[in-house]
There are 4 protein chains.
Amino acid sequence: MKRVAVLGASGYAGRELLRLLRGHPRFAAPLAMSARRDSGAEAAASPFESSVAPLDLEQLRDVDGVFVCAPHGAAAELAAEAFARGAAVVDLSADFRLRDSARYAATYGRPHPAPAMLEHAVYGLTEHARSRVRTARLVANPGCYPTSILLPLLPLVDAALLDAGAPVVADAKSGISGAGKAPTERTHYGSVHENCQAYDVGTHRHGAEIAQEVPALRVVFVPHLLPAFRGMLTTLYLRPRDGVGADAIRSCLAEAYAHEPFVKVYVNGLPHLHAVQHTNFCALGVAAAGELVVIVSALDNLVKGAAGQALQNMNLMLGLPETAGLG
Amino acid sequence: MKRVAVLGASGYAGRELLRLLRGHPRFAAPLAMSARRDSGAEAAASPFESSVAPLDLEQLRDVDGVFVCAPHGAAAELAAEAFARGAAVVDLSADFRLRDSARYAATYGRPHPAPAMLEHAVYGLTEHARSRVRTARLVANPGCYPTSILLPLLPLVDAALLDAGAPVVADAKSGISGAGKAPTERTHYGSVHENCQAYDVGTHRHGAEIAQEVPALRVVFVPHLLPAFRGMLTTLYLRPRDGVGADAIRSCLAEAYAHEPFVKVYVNGLPHLHAVQHTNFCALGVAAAGELVVIVSALDNLVKGAAGQALQNMNLMLGLPETAGLG
Amino acid sequence: MKRVAVLGASGYAGRELLRLLRGHPRFAAPLAMSARRDSGAEAAASPFESSVAPLDLEQLRDVDGVFVCAPHGAAAELAAEAFARGAAVVDLSADFRLRDSARYAATYGRPHPAPAMLEHAVYGLTEHARSRVRTARLVANPGCYPTSILLPLLPLVDAALLDAGAPVVADAKSGISGAGKAPTERTHYGSVHENCQAYDVGTHRHGAEIAQEVPALRVVFVPHLLPAFRGMLTTLYLRPRDGVGADAIRSCLAEAYAHEPFVKVYVNGLPHLHAVQHTNFCALGVAAAGELVVIVSALDNLVKGAAGQALQNMNLMLGLPETAGLG
Amino acid sequence: MKRVAVLGASGYAGRELLRLLRGHPRFAAPLAMSARRDSGAEAAASPFESSVAPLDLEQLRDVDGVFVCAPHGAAAELAAEAFARGAAVVDLSADFRLRDSARYAATYGRPHPAPAMLEHAVYGLTEHARSRVRTARLVANPGCYPTSILLPLLPLVDAALLDAGAPVVADAKSGISGAGKAPTERTHYGSVHENCQAYDVGTHRHGAEIAQEVPALRVVFVPHLLPAFRGMLTTLYLRPRDGVGADAIRSCLAEAYAHEPFVKVYVNGLPHLHAVQHTNFCALGVAAAGELVVIVSALDNLVKGAAGQALQNMNLMLGLPETAGLG
């Protein structure tokens, strides 16, 4: 049995990881730690939850793998500490996603907190980085929006099916859990229910991550908040190369992911959130819409968009079956 | 005091109209009729609601205005009857929106139910049809999606600010009330809550209506269902002409609607659903997003997208202030 | 035209008041002030909202009426200031609801902030305090839970229809807006959606208010939070005196409220939240349930449970029709 | 590996069972059948779901266990057929819950469809019927409301801690999934969201089931619908015997369920729906409230209130560990 730790276990991604780890056949009970403690009230009302201990990095000595669920900035330091102790590290924050520290500084408005670590980091979009992840000691787990956008785009770029002259529009809709557990005006029930809004138009930080991974495309990415807790549905509008239609796009994706356990391409119809919530699937559907082709990409932002993909990566790093604990 | 009737008063649009009419300063209590009766159970639980009588067209004799809230197909006949009796008619269905009966047949899969009436119908996007609505005896009230899409697009087309070579993407998100009051698999709470889905991609009937009104553009329109009851948020992605940016787009809209009581253009920021629910406003915000310009258009699909705009039109037809009852 | 001010206009009750006042036929545009300013982001996204100025009590000089929507503790001081300036004051906080300052201290864990004012205060459950409200200069607007519980109980107590030996169970369910606009763990969307919980069992502060108003009864009151924004549904379980059944209970209520504009007693069936949201109604339904009688009491906690009842009271204090602005 | 079948696999309880069975370590892939077929649209959008075949009882020949998820009336026949073929049968409908066919006829308004089977049926509230379930061939799975009410009451009755002279009030709140998957006016999103209502007051059929199991008590049971999909929270109001307080009630429950895997008694605080959703737990919390004691009982109506408890029972009938597949 392997031993893993979750640092930052009281946020949404951390809690989701604890749930997945509890059912993992090859991991002992995880070490769950958090700088922030939940209130006693919450703990009393959820006695079945795994208990979360205060942060104590000394305990990482005998640990095989470490998941870092801290906010960016703070995450880099924790990841560096865990890395120094020899653990396989999956960092769920944005700290190691951008390879270029200048791009990080421009995007996050501060110098990179651990630039020396960047050379060790592998961008862990698992389906497209499997061999590098296997040998990595530090994996940067992709953002939820980039995961939902890159999985459909990368095979089409590789196959050169898109018209490079036209931008790709990515209209993304996310449940509010993506905004985290901190109580804010934005996450208040009164702000979310019966509402929908676009935010960070043209400025969302995940844009830099998407641009890094598909430099040949210009992706116009606009995130929206749904009146829902979990799930992400991205509607992509693409102009294919001349002579390429929706069927060719669908076939390309179906072939690319034919043997993937966690990416499903619909033969017909389009996925909705219910088809993927509480699962590690990314589901893709394709349809023609006038002169463009539409792809709908659906995933659970807390699973395939965070904890689930992190576990996929950790399984690979520790030499376990990639699907273990993700059944 | 004018006398008006609502035919099809037990659906969502009809009920919304009754609510607006109750507060109207120049209308007597409306005649509310419906072919479908609500169950006794519902009536018992809502004793404050206006009562709805069975359909009886004889009662339309002394009525000044008639709102038709029946489904398309059935609506045309009711509208024709009311028209024949000399009433001003606003039809909220799709029956008179398409000027060309062949386009109607292609879109709705059946011959037009009253083609001789088409020449009398005015497409009532009020802000752009005011003078024609004033003298019309039959107004086709626009669909909710077309209203949310045409209000931002028409001034830009008039001012020739868009690159005609690029399509406009209209990613529209609607509350479930747009799907009507009939219990179906799609409207079941279990299908809607915590879900989001695209539907009728490339085939939604409102596409024909949009194409008719902005023939110079190619609009790629994809509707989505939100886990919410009312409200519609459309995100438009436009390529402006060379040298035109987000500020010029915003200025054009602000100028076009400067004196409009029901269209608001944000100086900065973007509207969300809470800003427009239960009002007759369409709110527009503009932002740059990479090489494209994004417009967010928000309205309440039951008010500006249906009953409210219908009342705007009826007010004009009956020589009343356009804003009466819409305060 | 009368001039009124709203102190604490940026909370939920304050905003609801502004909405009601905007449609009031006898009030000039209200003076809206708040100690807390909304963020620029929110203001930008709601340009149709009345603007709210910083608190400046000097401006109260020429005002006829003042609504105090501040939290308890802070409210008493504002109310005293407004009172001293000669305005009619309706305080929506709990500060003047309990007549006995010792009971206040025991309930709120601090000395009463303005005990000298208590003798001026009238407990404004309008339907049962109309004549006193008319001549009052300071009205304590009842809590939302007490309003939903006292309206059904008071006529039954007056008519001596209940078995004094048995407690009354009041199981109350409230939308989250009752918890206020401050972002907290409790009001986070993630805590509210798809959840339901009892809270403050046996200790909720509204219990003291209920006990004060129906000293002859022992009311066991348990509040719950619904996964909804607005509305309150209270299910009351009563043991009638021997020989008294559900019909007699219903008749008693129907007679007591026969001429009330804002209390509706159902002839059959039971009210639900949709029947009262966005209205100033309290709706009551009665049913037999084994050896007990059940009353379901429904109201909108932000209207009849707060801003609407406050306006009823202010109308009376200023000599206007009680229903003005509440249509 | 055992072979089991699910009859009526396309409803909510059936689908939940399929999900549980998929993770069961001792069962082969279940045979899923349904008289009603889901629409192609739904199937297309959920390609990961187990496929459901048309009903064909011939296939039950080699099956060890059969879950019947059909509506009452239809269920009895299916259960009888499966029983005759020698399978262990768990019937999730109401058909075998009432031991007395006259009581069934009075409650369901029709003669019992298979009275000769009644003698074989065991009422499967697992924690209180374990030894009988082990040897049964036909288990009547309890209703969701009775499960949430009987689990807290039975130990208190056994210990004689309640005042027999006072009724027990059971105010139950349920997610809409309890009303089933059929689209009706009641289950329309427009009826459920932002709403709450009491229904079937004094007449709900689960009342007969509760009365049968705790004949010494008079339970006044009022069910309510929450604006939520899944979960049930029941607030019980009890008068204890003289000298018995909330602590004694809590201790009694804690002791009764100390070794139960699926019933948790809170040391302090009260459970909410989030603590039990998607689990087979029933969580109980106790608090004093004036002269009464309040118990809050929370469970997931689709798991412990239906599919989960059914699986507990089937495990026992087939000689497997009771917790298998219930994680």
# chains A, B, ... in the order shown; residues from 1 in each chain; ligands from 1

$ residues_around --residues "A:Ile176" --least-positions-apart "5" --cutoff "9 Å" --atoms "only C-alpha atoms" --output "PDB file with N, CA, C and O atoms, in the first residue's frame"
ATOM      1  N   ARG A 186     -19.526  36.883  -4.386  1.00  0.00           N
ATOM      2  CA  ARG A 186     -19.795  36.088  -5.591  1.00  0.00           C
ATOM      3  C   ARG A 186     -20.355  34.715  -5.288  1.00  0.00           C
ATOM      4  O   ARG A 186     -21.139  34.176  -6.074  1.00  0.00           O
ATOM      5  N   THR A 187     -19.940  34.116  -4.168  1.00  0.00           N
ATOM      6  CA  THR A 187     -20.377  32.745  -3.879  1.00  0.00           C
ATOM      7  C   THR A 187     -21.599  32.690  -2.962  1.00  0.00           C
ATOM      8  O   THR A 187     -22.061  31.600  -2.621  1.00  0.00           O
ATOM      9  N   VAL A 192     -25.883  33.604  -6.682  1.00  0.00           N
ATOM     10  CA  VAL A 192     -25.717  32.503  -7.630  1.00  0.00           C
ATOM     11  C   VAL A 192     -27.047  31.975  -8.166  1.00  0.00           C
ATOM     12  O   VAL A 192     -27.223  31.802  -9.370  1.00  0.00           O
ATOM     13  N   LEU A 225     -20.535  31.831 -14.978  1.00  0.00           N
ATOM     14  CA  LEU A 225     -20.964  31.117 -13.777  1.00  0.00           C
ATOM     15  C   LEU A 225     -22.401  30.651 -13.929  1.00  0.00           C
ATOM     16  O   LEU A 225     -23.290  31.434 -14.256  1.00  0.00           O
ATOM     17  N   LEU A 226     -22.616  29.368 -13.663  1.00  0.00           N
ATOM     18  CA  LEU A 226     -23.956  28.788 -13.687  1.00  0.00           C
ATOM     19  C   LEU A 226     -24.571  28.801 -12.292  1.00  0.00           C
ATOM     20  O   LEU A 226     -23.839  28.742 -11.299  1.00  0.00           O
ATOM     21  N   PRO A 227     -25.890  28.789 -12.208  1.00  0.00           N
ATOM     22  CA  PRO A 227     -26.525  28.590 -10.908  1.00  0.00           C
ATOM     23  C   PRO A 227     -26.557  27.115 -10.542  1.00  0.00           C
ATOM     24  O   PRO A 227     -27.613  26.499 -10.443  1.00  0.00           O
ATOM     25  N   ALA A 228     -25.381  26.552 -10.369  1.00  0.00           N
ATOM     26  CA  ALA A 228     -25.223  25.128 -10.079  1.00  0.00           C
ATOM     27  C   ALA A 228     -23.948  24.988  -9.265  1.00  0.00           C
ATOM     28  O   ALA A 228     -23.110  25.891  -9.253  1.00  0.00           O
ATOM     29  N   PHE A 229     -23.789  23.867  -8.607  1.00  0.00           N
ATOM     30  CA  PHE A 229     -22.620  23.700  -7.752  1.00  0.00           C
ATOM     31  C   PHE A 229     -21.428  23.118  -8.502  1.00  0.00           C
ATOM     32  O   PHE A 229     -20.332  23.633  -8.429  1.00  0.00           O
ATOM     33  N   ARG A 230     -21.644  22.051  -9.239  1.00  0.00           N
ATOM     34  CA  ARG A 230     -20.510  21.397  -9.873  1.00  0.00           C
ATOM     35  C   ARG A 230     -20.798  21.032 -11.321  1.00  0.00           C
ATOM     36  O   ARG A 230     -21.919  20.749 -11.689  1.00  0.00           O
ATOM     37  N   GLY A 231     -19.755  21.007 -12.114  1.00  0.00           N
ATOM     38  CA  GLY A 231     -19.903  20.679 -13.521  1.00  0.00           C
ATOM     39  C   GLY A 231     -19.468  21.838 -14.379  1.00  0.00           C
ATOM     40  O   GLY A 231     -19.542  22.995 -13.972  1.00  0.00           O
TER      41      GLY A 231
ATOM     42  N   TYR C 189     -23.239  29.372  -1.525  1.00  0.00           N
ATOM     43  CA  TYR C 189     -24.089  28.530  -2.375  1.00  0.00           C
ATOM     44  C   TYR C 189     -23.864  27.049  -2.086  1.00  0.00           C
ATOM     45  O   TYR C 189     -24.801  26.257  -2.047  1.00  0.00           O
ATOM     46  N   GLY C 190     -22.609  26.705  -1.869  1.00  0.00           N
ATOM     47  CA  GLY C 190     -22.274  25.304  -1.606  1.00  0.00           C
ATOM     48  C   GLY C 190     -22.889  24.755  -0.340  1.00  0.00           C
ATOM     49  O   GLY C 190     -23.065  23.536  -0.199  1.00  0.00           O
TER      50      GLY C 190
END

$ residues_around --residues "B:Gly202" --least-positions-apart "5" --cutoff "7 Å" --atoms "only C-alpha atoms" --output "PDB file with N, CA, C and O atoms, in the first residue's frame"
ATOM      1  N   ALA A 288     -22.975  20.155 -36.376  1.00  0.00           N
ATOM      2  CA  ALA A 288     -22.812  21.264 -37.319  1.00  0.00           C
ATOM      3  C   ALA A 288     -23.733  22.401 -36.906  1.00  0.00           C
ATOM      4  O   ALA A 288     -24.840  22.170 -36.430  1.00  0.00           O
ATOM      5  N   ALA A 289     -23.251  23.629 -37.099  1.00  0.00           N
ATOM      6  CA  ALA A 289     -24.088  24.792 -36.801  1.00  0.00           C
ATOM      7  C   ALA A 289     -23.722  25.857 -37.820  1.00  0.00           C
ATOM      8  O   ALA A 289     -22.741  26.582 -37.652  1.00  0.00           O
ATOM      9  N   GLY A 290     -24.532  25.904 -38.894  1.00  0.00           N
ATOM     10  CA  GLY A 290     -24.218  26.846 -39.968  1.00  0.00           C
ATOM     11  C   GLY A 290     -22.845  26.537 -40.531  1.00  0.00           C
ATOM     12  O   GLY A 290     -22.499  25.369 -40.784  1.00  0.00           O
TER      13      GLY A 290
ATOM     14  N   VAL B 222     -26.604  29.048 -30.881  1.00  0.00           N
ATOM     15  CA  VAL B 222     -26.753  27.795 -30.137  1.00  0.00           C
ATOM     16  C   VAL B 222     -27.434  28.078 -28.803  1.00  0.00           C
ATOM     17  O   VAL B 222     -26.872  28.764 -27.941  1.00  0.00           O
TER      18      VAL B 222
END

$ atom_distance --atom1 "atom CA of C:Val90" --atom2 "atom CA of C:Ala298"
23.2 Å

$ interface_residues --of "chain C" --to "chain D" --cutoff "9 Å" --atoms "only C-alpha atoms" --output "VMD selection string"
chain C and resid 166 to 167 169 171 173 175 191 193 to 199 201 to 203 218 to 222 226 to 233 235 237 270 to 274 287 to 292 294 296

$ residues_around --residues "B:Gly143" --least-positions-apart "4" --cutoff "7 Å" --atoms "only C-alpha atoms" --output "PyMOL selection string"
chain B and resi 147+206+305

$ atom_distance --atom1 "atom CA of C:Arg103" --atom2 "atom CA of C:Ala121"
15.3 Å

$ select_by_dssp --residues "stretch 4-153 of chain B" --states "strand (DSSP E)" --output "PyMOL selection string"
chain B and resi 4-7+31-34+53-54+65-68+88-91+121-123+138-140

$ residues_around --residues "C:Glu127" --least-positions-apart "3" --cutoff "9 Å" --atoms "only C-alpha atoms" --output "ChimeraX atom specification"
/C:124,130,151,257,260,262-263

$ write_last_selection --atoms "all heavy atoms" --output "mmCIF file, in the first residue's frame"
data_model
loop_
_atom_site.group_PDB
_atom_site.id
_atom_site.type_symbol
_atom_site.label_atom_id
_atom_site.label_comp_id
_atom_site.auth_asym_id
_atom_site.auth_seq_id
_atom_site.Cartn_x
_atom_site.Cartn_y
_atom_site.Cartn_z
ATOM 1 N N GLY C 124 -45.314 46.155 15.962
ATOM 2 C CA GLY C 124 -46.141 46.429 14.794
ATOM 3 C C GLY C 124 -46.616 45.242 13.981
ATOM 4 O O GLY C 124 -46.438 45.244 12.755
ATOM 5 N N ARG C 130 -53.223 47.869 14.815
ATOM 6 C CA ARG C 130 -53.458 48.971 13.896
ATOM 7 C C ARG C 130 -53.667 50.317 14.611
ATOM 8 O O ARG C 130 -53.064 51.319 14.244
ATOM 9 C CB ARG C 130 -54.678 48.626 13.040
ATOM 10 C CG ARG C 130 -54.811 49.446 11.813
ATOM 11 C CD ARG C 130 -55.808 48.811 10.872
ATOM 12 N NE ARG C 130 -55.219 47.807 9.999
ATOM 13 C CZ ARG C 130 -55.715 46.591 9.792
ATOM 14 N NH1 ARG C 130 -56.804 46.197 10.416
ATOM 15 N NH2 ARG C 130 -55.098 45.776 8.953
ATOM 16 N N LEU C 151 -49.686 35.432 13.283
ATOM 17 C CA LEU C 151 -50.913 35.708 12.522
ATOM 18 C C LEU C 151 -51.900 34.546 12.625
ATOM 19 O O LEU C 151 -53.088 34.773 12.893
ATOM 20 C CB LEU C 151 -50.580 36.055 11.062
ATOM 21 C CG LEU C 151 -50.027 37.482 10.878
ATOM 22 C CD1 LEU C 151 -49.568 37.715 9.434
ATOM 23 C CD2 LEU C 151 -51.064 38.547 11.273
ATOM 24 N N TYR C 257 -59.913 37.395 9.664
ATOM 25 C CA TYR C 257 -59.180 38.101 8.613
ATOM 26 C C TYR C 257 -60.046 38.416 7.392
ATOM 27 O O TYR C 257 -59.522 38.735 6.324
ATOM 28 C CB TYR C 257 -57.944 37.281 8.216
ATOM 29 C CG TYR C 257 -56.929 37.189 9.336
ATOM 30 C CD1 TYR C 257 -56.551 35.966 9.892
ATOM 31 C CD2 TYR C 257 -56.355 38.353 9.871
ATOM 32 C CE1 TYR C 257 -55.624 35.889 10.923
ATOM 33 C CE2 TYR C 257 -55.427 38.285 10.915
ATOM 34 C CZ TYR C 257 -55.072 37.053 11.432
ATOM 35 O OH TYR C 257 -54.161 36.995 12.449
ATOM 36 N N GLU C 260 -59.217 41.762 5.994
ATOM 37 C CA GLU C 260 -57.812 42.152 5.947
ATOM 38 C C GLU C 260 -57.297 42.101 4.517
ATOM 39 O O GLU C 260 -57.472 41.082 3.835
ATOM 40 C CB GLU C 260 -56.969 41.219 6.819
ATOM 41 C CG GLU C 260 -57.131 41.473 8.297
ATOM 42 C CD GLU C 260 -56.651 42.873 8.700
ATOM 43 O OE1 GLU C 260 -55.858 43.486 7.948
ATOM 44 O OE2 GLU C 260 -57.091 43.357 9.760
ATOM 45 N N PHE C 262 -54.206 41.816 3.555
ATOM 46 C CA PHE C 262 -52.959 41.068 3.361
ATOM 47 C C PHE C 262 -52.909 39.706 4.051
ATOM 48 O O PHE C 262 -51.845 39.087 4.123
ATOM 49 C CB PHE C 262 -51.763 41.920 3.806
ATOM 50 C CG PHE C 262 -51.584 43.170 2.984
ATOM 51 C CD1 PHE C 262 -51.572 44.420 3.582
ATOM 52 C CD2 PHE C 262 -51.461 43.098 1.600
ATOM 53 C CE1 PHE C 262 -51.410 45.575 2.831
ATOM 54 C CE2 PHE C 262 -51.302 44.247 0.833
ATOM 55 C CZ PHE C 262 -51.285 45.494 1.449
ATOM 56 N N VAL C 263 -54.021 39.255 4.598
ATOM 57 C CA VAL C 263 -54.057 37.900 5.155
ATOM 58 C C VAL C 263 -55.174 37.138 4.462
ATOM 59 O O VAL C 263 -56.310 37.601 4.426
ATOM 60 C CB VAL C 263 -54.300 37.913 6.683
ATOM 61 C CG1 VAL C 263 -54.229 36.490 7.235
ATOM 62 C CG2 VAL C 263 -53.271 38.801 7.376
#

$ atom_distance --atom1 "atom CA of B:Val63" --atom2 "atom CA of B:Ala82"
9.0 Å

$ residues_around --residues "D:Arg132" --least-positions-apart "2" --cutoff "12 Å" --atoms "only C-alpha atoms" --output "list in words"
His120, Ala121, Val122, Tyr123, Gly124, Leu125, Thr126, Glu127, His128, Ala129, Arg130, Arg134, Thr135, Ala136, Arg137, Leu138, Val139, Ala140, Asn313, Leu316 and Met317 of chain D

$ residues_around --residues "A:Ala105" --least-positions-apart "4" --cutoff "12 Å" --atoms "only C-alpha atoms" --output "ChimeraX atom specification"
/A:73,94-96,98-101,109-115,205,208
